[in-house]
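Peer 1: As input, take work-v9.csv (CSV, C-alpha atoms):
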```csv
chain,number,residue,atom,x,y,z
A,1,MET,CA,71.8,94.5,-115.1
A,2,SER,CA,74.8,94.5,-112.7
A,3,GLY,CA,74.1,94.4,-109.0
A,4,GLY,CA,76.5,97.1,-108.0
A,5,ARG,CA,79.6,98.9,-109.3
A,6,GLY,CA,82.2,101.0,-107.6
A,7,ALA,CA,84.2,103.9,-108.9
A,8,GLY,CA,86.6,101.7,-110.9
A,9,GLY,CA,86.2,101.1,-114.6
A,10,ALA,CA,85.5,103.6,-117.3
A,11,ILE,CA,84.2,107.1,-116.7
A,12,ALA,CA,81.2,108.4,-118.7
A,13,VAL,CA,80.3,112.0,-119.3
A,14,LEU,CA,76.7,112.5,-120.4
A,15,CYS,CA,76.3,115.9,-122.2
A,16,PRO,CA,72.8,117.1,-123.1
A,17,HIS,CA,74.1,118.7,-126.3
A,18,PRO,CA,77.4,118.7,-128.2
A,19,ASP,CA,79.7,121.4,-126.7
A,20,ASP,CA,78.4,121.0,-123.1
A,21,GLU,CA,81.2,118.5,-122.5
A,22,ALA,CA,83.8,121.1,-123.5
A,23,ILE,CA,82.3,124.0,-121.6
A,24,PHE,CA,81.6,122.3,-118.3
A,25,CYS,CA,84.1,119.5,-118.0
A,26,GLY,CA,86.5,119.6,-120.9
A,27,GLY,CA,89.6,120.1,-118.8
A,28,THR,CA,88.5,117.3,-116.4
A,29,ILE,CA,88.1,114.9,-119.3
A,30,ARG,CA,91.6,115.7,-120.6
A,31,ALA,CA,93.1,115.4,-117.1
A,32,LEU,CA,91.4,112.0,-116.6
A,33,ALA,CA,92.5,110.7,-119.9
A,34,GLU,CA,96.1,111.8,-119.3
A,35,ALA,CA,96.0,110.0,-115.9
A,36,GLY,CA,95.2,106.8,-117.7
A,37,HIS,CA,91.5,106.6,-117.3
A,38,ARG,CA,89.2,105.5,-120.1
A,39,VAL,CA,86.7,108.3,-120.6
A,40,VAL,CA,83.6,108.1,-122.9
A,41,ILE,CA,81.4,110.9,-123.9
A,42,ILE,CA,77.7,110.3,-124.5
A,43,ALA,CA,75.5,113.0,-126.1
A,44,ALA,CA,71.9,112.9,-125.1
A,45,THR,CA,70.8,115.0,-128.1
A,46,SER,CA,72.5,116.1,-131.3
A,47,GLY,CA,71.8,119.8,-130.7
A,48,ASP,CA,69.8,119.9,-133.9
A,49,THR,CA,67.3,122.5,-132.7
A,50,ALA,CA,69.8,125.2,-131.9
A,51,GLU,CA,68.5,127.3,-134.9
A,52,GLY,CA,64.8,126.7,-134.5
A,53,GLU,CA,63.2,123.6,-136.1
A,54,PRO,CA,65.2,120.3,-135.9
A,55,SER,CA,67.7,120.2,-138.7
A,56,ARG,CA,69.3,117.0,-140.1
A,57,ALA,CA,72.2,119.1,-141.5
A,58,LEU,CA,72.9,120.7,-138.1
A,59,ARG,CA,72.5,117.3,-136.4
A,60,ASP,CA,75.2,115.8,-138.6
A,61,LEU,CA,77.5,118.8,-138.2
A,62,ARG,CA,77.3,118.9,-134.5
A,63,ARG,CA,77.9,115.2,-134.2
A,64,ARG,CA,81.1,115.6,-136.3
A,65,GLU,CA,82.1,118.5,-134.1
A,66,LEU,CA,81.7,116.4,-131.0
A,67,GLU,CA,83.8,113.7,-132.4
A,68,VAL,CA,86.6,116.1,-133.1
A,69,ALA,CA,86.3,117.7,-129.6
A,70,GLY,CA,86.3,114.2,-128.1
A,71,ASP,CA,89.6,113.4,-129.8
A,72,ILE,CA,91.1,116.7,-128.6
A,73,LEU,CA,90.1,115.9,-125.0
A,74,GLY,CA,91.4,112.4,-125.1
A,75,ALA,CA,88.0,110.6,-125.0
A,76,ALA,CA,88.3,106.9,-125.9
A,77,ALA,CA,84.8,106.9,-127.5
A,78,VAL,CA,81.9,109.1,-128.3
A,79,HIS,CA,78.3,107.8,-128.3
A,80,HIS,CA,75.1,109.5,-129.5
A,81,LEU,CA,71.7,108.6,-127.9
A,82,GLY,CA,70.4,110.6,-130.8
A,83,TYR,CA,67.4,112.4,-129.3
A,84,VAL,CA,66.1,115.7,-130.7
A,85,ASP,CA,67.3,118.8,-129.0
A,86,SER,CA,64.4,120.3,-127.0
A,87,GLY,CA,65.4,123.9,-127.7
A,88,ILE,CA,64.5,126.7,-125.4
A,89,GLY,CA,61.3,127.9,-126.9
A,90,PRO,CA,57.9,127.7,-125.1
A,91,VAL,CA,57.0,124.5,-127.2
A,92,SER,CA,59.5,121.7,-127.9
A,93,PRO,CA,59.2,119.4,-130.9
A,94,PRO,CA,57.0,116.4,-130.1
A,95,GLU,CA,60.0,114.0,-130.5
A,96,ALA,CA,62.3,116.2,-128.3
A,97,PHE,CA,64.4,114.7,-125.5
A,98,VAL,CA,62.3,116.2,-122.8
A,99,HIS,CA,59.3,114.2,-124.0
A,100,ILE,CA,61.1,110.9,-123.8
A,101,PRO,CA,60.1,109.0,-120.7
A,102,VAL,CA,62.9,108.8,-118.2
A,103,ASP,CA,62.8,105.0,-118.0
A,104,HIS,CA,63.0,104.7,-121.7
A,105,ALA,CA,66.0,107.0,-122.2
A,106,ALA,CA,67.7,105.6,-119.0
A,107,ALA,CA,67.5,102.1,-120.5
A,108,GLU,CA,69.2,103.3,-123.7
A,109,LEU,CA,71.9,105.1,-121.6
A,110,ALA,CA,72.3,102.1,-119.3
A,111,ALA,CA,73.0,99.8,-122.2
A,112,ILE,CA,76.0,102.0,-123.3
A,113,LEU,CA,77.2,102.3,-119.7
A,114,GLU,CA,77.1,98.5,-119.3
A,115,ARG,CA,78.8,97.9,-122.6
A,116,GLU,CA,81.6,100.4,-121.7
A,117,GLY,CA,82.1,99.0,-118.2
A,118,VAL,CA,81.4,102.4,-116.7
A,119,GLY,CA,82.1,102.8,-112.9
A,120,SER,CA,81.6,106.5,-112.6
A,121,LEU,CA,79.1,108.8,-114.3
A,122,VAL,CA,79.4,112.6,-114.8
A,123,ALA,CA,76.2,114.4,-115.7
A,124,ASP,CA,74.1,117.5,-114.8
A,125,GLY,CA,72.7,118.2,-111.4
A,126,PRO,CA,69.0,118.5,-110.8
A,127,GLU,CA,69.0,122.2,-111.6
A,128,GLY,CA,70.6,121.6,-115.0
A,129,ILE,CA,73.4,124.1,-114.4
A,130,TYR,CA,71.5,127.0,-116.0
A,131,GLY,CA,68.0,125.5,-116.2
A,132,HIS,CA,67.8,124.3,-119.7
A,133,PRO,CA,65.1,121.6,-119.9
A,134,ASP,CA,67.4,119.1,-121.7
A,135,HIS,CA,70.0,119.5,-118.9
A,136,ILE,CA,67.4,118.9,-116.2
A,137,HIS,CA,66.1,115.8,-118.1
A,138,ALA,CA,69.7,114.6,-118.5
A,139,HIS,CA,70.1,114.6,-114.8
A,140,ASP,CA,66.9,112.5,-114.3
A,141,VAL,CA,67.9,110.1,-117.0
A,142,SER,CA,71.5,109.7,-115.7
A,143,ALA,CA,70.4,109.1,-112.1
A,144,ARG,CA,68.0,106.4,-113.2
A,145,ALA,CA,70.5,104.8,-115.6
A,146,ALA,CA,73.1,104.7,-112.7
A,147,GLU,CA,70.5,102.8,-110.7
A,148,LEU,CA,69.9,100.3,-113.5
A,149,VAL,CA,73.6,99.6,-113.9
A,150,GLY,CA,74.6,99.8,-110.3
A,151,ILE,CA,76.9,102.8,-110.5
A,152,ALA,CA,77.5,104.1,-107.0
A,153,THR,CA,79.6,107.2,-107.9
A,154,ARG,CA,78.0,110.1,-109.8
A,155,TYR,CA,79.4,113.6,-110.3
A,156,GLU,CA,77.1,116.4,-111.1
A,157,MET,CA,78.5,119.3,-113.2
A,158,THR,CA,77.8,122.8,-112.0
A,159,VAL,CA,79.5,126.2,-111.9
A,160,ASP,CA,80.4,128.5,-109.0
A,161,ARG,CA,78.3,131.6,-109.7
A,162,GLU,CA,80.2,133.5,-107.0
A,163,HIS,CA,83.5,132.9,-108.7
A,164,LEU,CA,82.1,133.7,-112.1
A,165,HIS,CA,80.7,136.9,-110.8
A,166,PHE,CA,84.2,138.2,-110.3
A,167,VAL,CA,85.8,137.0,-113.6
A,168,ASP,CA,82.9,137.2,-116.1
A,169,VAL,CA,80.4,134.5,-117.2
A,170,HIS,CA,80.1,134.7,-121.0
A,171,VAL,CA,78.5,131.4,-122.2
A,172,VAL,CA,76.8,130.5,-119.0
A,173,GLU,CA,75.2,133.9,-118.4
A,174,THR,CA,74.1,134.2,-122.1
A,175,ALA,CA,72.5,130.7,-122.0
A,176,THR,CA,70.8,131.5,-118.7
A,177,GLU,CA,69.3,134.7,-120.1
A,178,ALA,CA,68.1,132.9,-123.2
A,179,VAL,CA,66.4,130.2,-121.1
A,180,THR,CA,64.9,132.8,-118.8
A,181,GLU,CA,63.3,134.7,-121.7
A,182,THR,CA,61.7,131.7,-123.3
A,183,TRP,CA,61.1,129.0,-120.8
A,184,HIS,CA,58.2,129.7,-118.5
A,185,GLY,CA,58.9,129.3,-114.8
A,186,HIS,CA,62.7,129.5,-115.0
A,187,THR,CA,64.3,131.4,-112.2
A,188,GLY,CA,67.2,133.0,-114.1
A,189,THR,CA,69.9,131.6,-111.8
A,190,TYR,CA,72.7,129.3,-112.6
A,191,GLY,CA,75.1,127.0,-110.7
A,192,HIS,CA,75.7,127.0,-107.0
A,193,THR,CA,77.3,129.2,-104.4
A,194,THR,CA,80.9,128.3,-103.3
A,195,VAL,CA,79.8,126.5,-100.1
A,196,GLU,CA,77.3,124.3,-102.0
A,197,ILE,CA,80.0,122.8,-104.2
A,198,ASP,CA,81.9,119.6,-103.3
A,199,LEU,CA,84.8,119.5,-105.8
A,200,LEU,CA,86.8,122.2,-107.6
A,201,VAL,CA,89.1,120.9,-110.3
A,202,ASP,CA,91.8,123.3,-111.6
A,203,VAL,CA,92.2,122.6,-115.3
A,204,ARG,CA,94.5,125.5,-116.3
A,205,THR,CA,97.2,123.1,-117.2
A,206,HIS,CA,94.8,121.7,-119.8
A,207,ILE,CA,93.4,125.0,-120.9
A,208,GLU,CA,94.8,124.9,-124.4
A,209,ALA,CA,93.1,121.6,-125.1
A,210,LYS,CA,89.9,122.9,-123.6
A,211,ARG,CA,90.0,126.0,-125.8
A,212,ALA,CA,90.7,123.8,-128.9
A,213,ALA,CA,87.7,121.7,-128.0
A,214,PHE,CA,85.6,124.9,-127.8
A,215,ALA,CA,86.9,125.8,-131.3
A,216,ALA,CA,85.9,122.4,-132.6
A,217,HIS,CA,82.3,123.4,-131.9
A,218,ALA,CA,82.5,126.2,-134.4
A,219,SER,CA,78.8,126.1,-135.3
A,220,GLN,CA,78.0,127.3,-131.7
A,221,LEU,CA,81.3,129.0,-130.7
A,222,PRO,CA,82.6,130.7,-133.9
A,223,GLU,CA,85.9,132.5,-133.9
A,224,HIS,CA,84.1,135.9,-133.8
A,225,SER,CA,82.0,135.0,-130.7
A,226,GLU,CA,82.7,136.8,-127.4
A,227,THR,CA,84.0,133.7,-125.8
A,228,MET,CA,86.5,132.8,-128.5
A,229,ARG,CA,87.8,136.4,-128.7
A,230,LEU,CA,89.0,136.2,-125.1
A,231,ASP,CA,92.7,136.4,-124.7
A,232,ALA,CA,94.5,133.5,-123.1
A,233,ASP,CA,94.6,134.9,-119.6
A,234,ALA,CA,90.9,135.9,-119.7
A,235,PHE,CA,89.9,132.5,-121.1
A,236,ALA,CA,91.8,130.7,-118.4
A,237,ALA,CA,90.2,132.9,-115.7
A,238,VAL,CA,86.7,132.0,-116.8
A,239,TYR,CA,87.2,128.4,-117.9
A,240,GLY,CA,90.2,127.2,-116.0
A,241,ILE,CA,88.2,125.8,-113.1
A,242,GLU,CA,85.5,123.1,-113.3
A,243,TRP,CA,83.1,122.3,-110.5
A,244,PHE,CA,81.2,119.2,-109.4
A,245,ASN,CA,79.0,117.8,-106.7
A,246,ARG,CA,79.5,114.2,-105.8
A,247,ARG,CA,76.8,111.6,-105.1
A,248,GLY,CA,78.1,108.4,-103.6
A,249,PRO,CA,81.6,107.4,-102.6
A,250,ALA,CA,84.8,109.1,-103.7
A,251,GLY,CA,85.9,108.3,-107.2
A,252,PRO,CA,88.4,109.3,-109.9
A,253,LEU,CA,87.5,113.0,-110.0
A,254,ASP,CA,88.4,113.3,-106.3
A,255,ASP,CA,91.9,112.4,-107.3
A,256,LEU,CA,92.2,115.5,-109.5
A,257,VAL,CA,91.5,117.9,-106.6
A,258,GLY,CA,94.8,119.3,-105.4
```
Would you mind writing the file out in structure tokens?
Peer 2:
Amino acid sequence: MSGGRGAGGAIAVLCPHPDDEAIFCGGTIRALAEAGHRVVIIAATSGDTAEGEPSRALRDLRRRELEVAGDILGAAAVHHLGYVDSGIGPVSPPEAFVHIPVDHAAAELAAILEREGVGSLVADGPEGIYGHPDHIHAHDVSARAAELVGIATRYEMTVDREHLHFVDVHVVETATEAVTETWHGHTGTYGHTTVEIDLLVDVRTHIEAKRAAFAAHASQLPEHSETMRLDADAFAAVYGIEWFNRRGPAGPLDDLVG
């Protein structure tokens, strides 16, 4: 594929499951779109194992939810790699994303990145934010795909666990506890400490769009959930900042840091 690509061009966000894009970088997507960047969202899985066995009905629902959330956030396109959600149980379905060889999935991702003219890629870090196996695999796949396409600038989504300790953690802590209980070997930690994080993006000016994107994922974040029952101030306190580590030269997310 291409021999090298700087931080120009489109920006792609690889989310392991529909709703990860809203939770971990929804405000950043909206800010980039409003700044005139072309942002594309790529879902590694369809989140179809969230209720146990893979479900075609849930797959289709969560894909539709992601399309709606993408529109709210200003994404120019949404793509689906279409892999099966690995779940968080001790045994993943044989066709699950974690069982797909990195080079195979990376080639599929690279084809989309090449077609979209992507110059910067946003994905999980090596720890997968909270240790979910799909998030960790998404990091490995994204790093390899960036090599194939020649993308120099990658941003790794994370959270500042010291910050969240003071304001509450909600979705991240609940997810971490679930993974810890069911995935052998998980350490039960999430994110990074403040000094380990490269970029902090204040997205409070886009918090209404971010909350609307959360609401679009109603199968996972229903109105009665703890997260969606937060008042406006509490929601902004928890979700009004997004964090990233950068690999490679400065790119478009650096311009969002005030």
Peer 1: Could you pull out every residue with an atom within 6 Å of (75.3, 114.5, -126.7), file coordinates, counting all atoms listed in the file, and send them as number ranges by chain?
Peer 2: A: 15-18, 42-46, 80
Peer 1: Got a sec: who's within 8 Å of Ser142 in chain A, counting only C-alpha atoms, leaving out chain neighbours fewer than 2 positions off, as a ChimeraX atom specification?
Peer 2: /A:14,106,109,121,123,138-140,144-146
Peer 1: For the selection just defined, write its residues with C-alpha atoms to a file, as a PDB file, in the coordinates of the input.
Peer 2:
```pdb
ATOM      1  CA  LEU A  14      76.700 112.500-120.400  1.00  0.00           C
ATOM      2  CA  ALA A 106      67.700 105.600-119.000  1.00  0.00           C
ATOM      3  CA  LEU A 109      71.900 105.100-121.600  1.00  0.00           C
ATOM      4  CA  LEU A 121      79.100 108.800-114.300  1.00  0.00           C
ATOM      5  CA  ALA A 123      76.200 114.400-115.700  1.00  0.00           C
ATOM      6  CA  ALA A 138      69.700 114.600-118.500  1.00  0.00           C
ATOM      7  CA  HIS A 139      70.100 114.600-114.800  1.00  0.00           C
ATOM      8  CA  ASP A 140      66.900 112.500-114.300  1.00  0.00           C
ATOM      9  CA  ARG A 144      68.000 106.400-113.200  1.00  0.00           C
ATOM     10  CA  ALA A 145      70.500 104.800-115.600  1.00  0.00           C
ATOM     11  CA  ALA A 146      73.100 104.700-112.700  1.00  0.00           C
TER      12      ALA A 146
END
```
Peer 1: Go through A:Asp20, A:Asp202, A:Asp231, A:Asp71 one by one, measure the shortest atom-to-atom distance of each to Gly258 in chain A using only C-alpha atoms, and give the residue with the smallest value.
Peer 2: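 The closest residue to Gly258 in chain A is A:Asp202.
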Peer 1: Just checking: using all atoms listed in the file, which residue out of A:Gly150, A:Gly131, A:Gly70, A:Gly9 ends up closest to Gly248 in chain A?
Peer 2: A:Gly150
Peer 1: Figure out the distance between CA of Glu147 in chain A and CA of Glu196 in chain A, please, to one decimal in Å.
Peer 2: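 A separation of 24.2 Å between them.
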Peer 1: As a PyMOL selection string, please: the residues near Ala75 in chain A (cut-off 9 Å, all atoms listed in the file, same-chain neighbours under 2 positions excluded).
Peer 2: chain A and resi 29-30+33+38-41+69-73+77-78
Peer 1: When you draw a straight line from CA of Phe244 in chain A to CA of Ile136 in chain A, how long is it in Å?
Peer 2: 15.4 Å
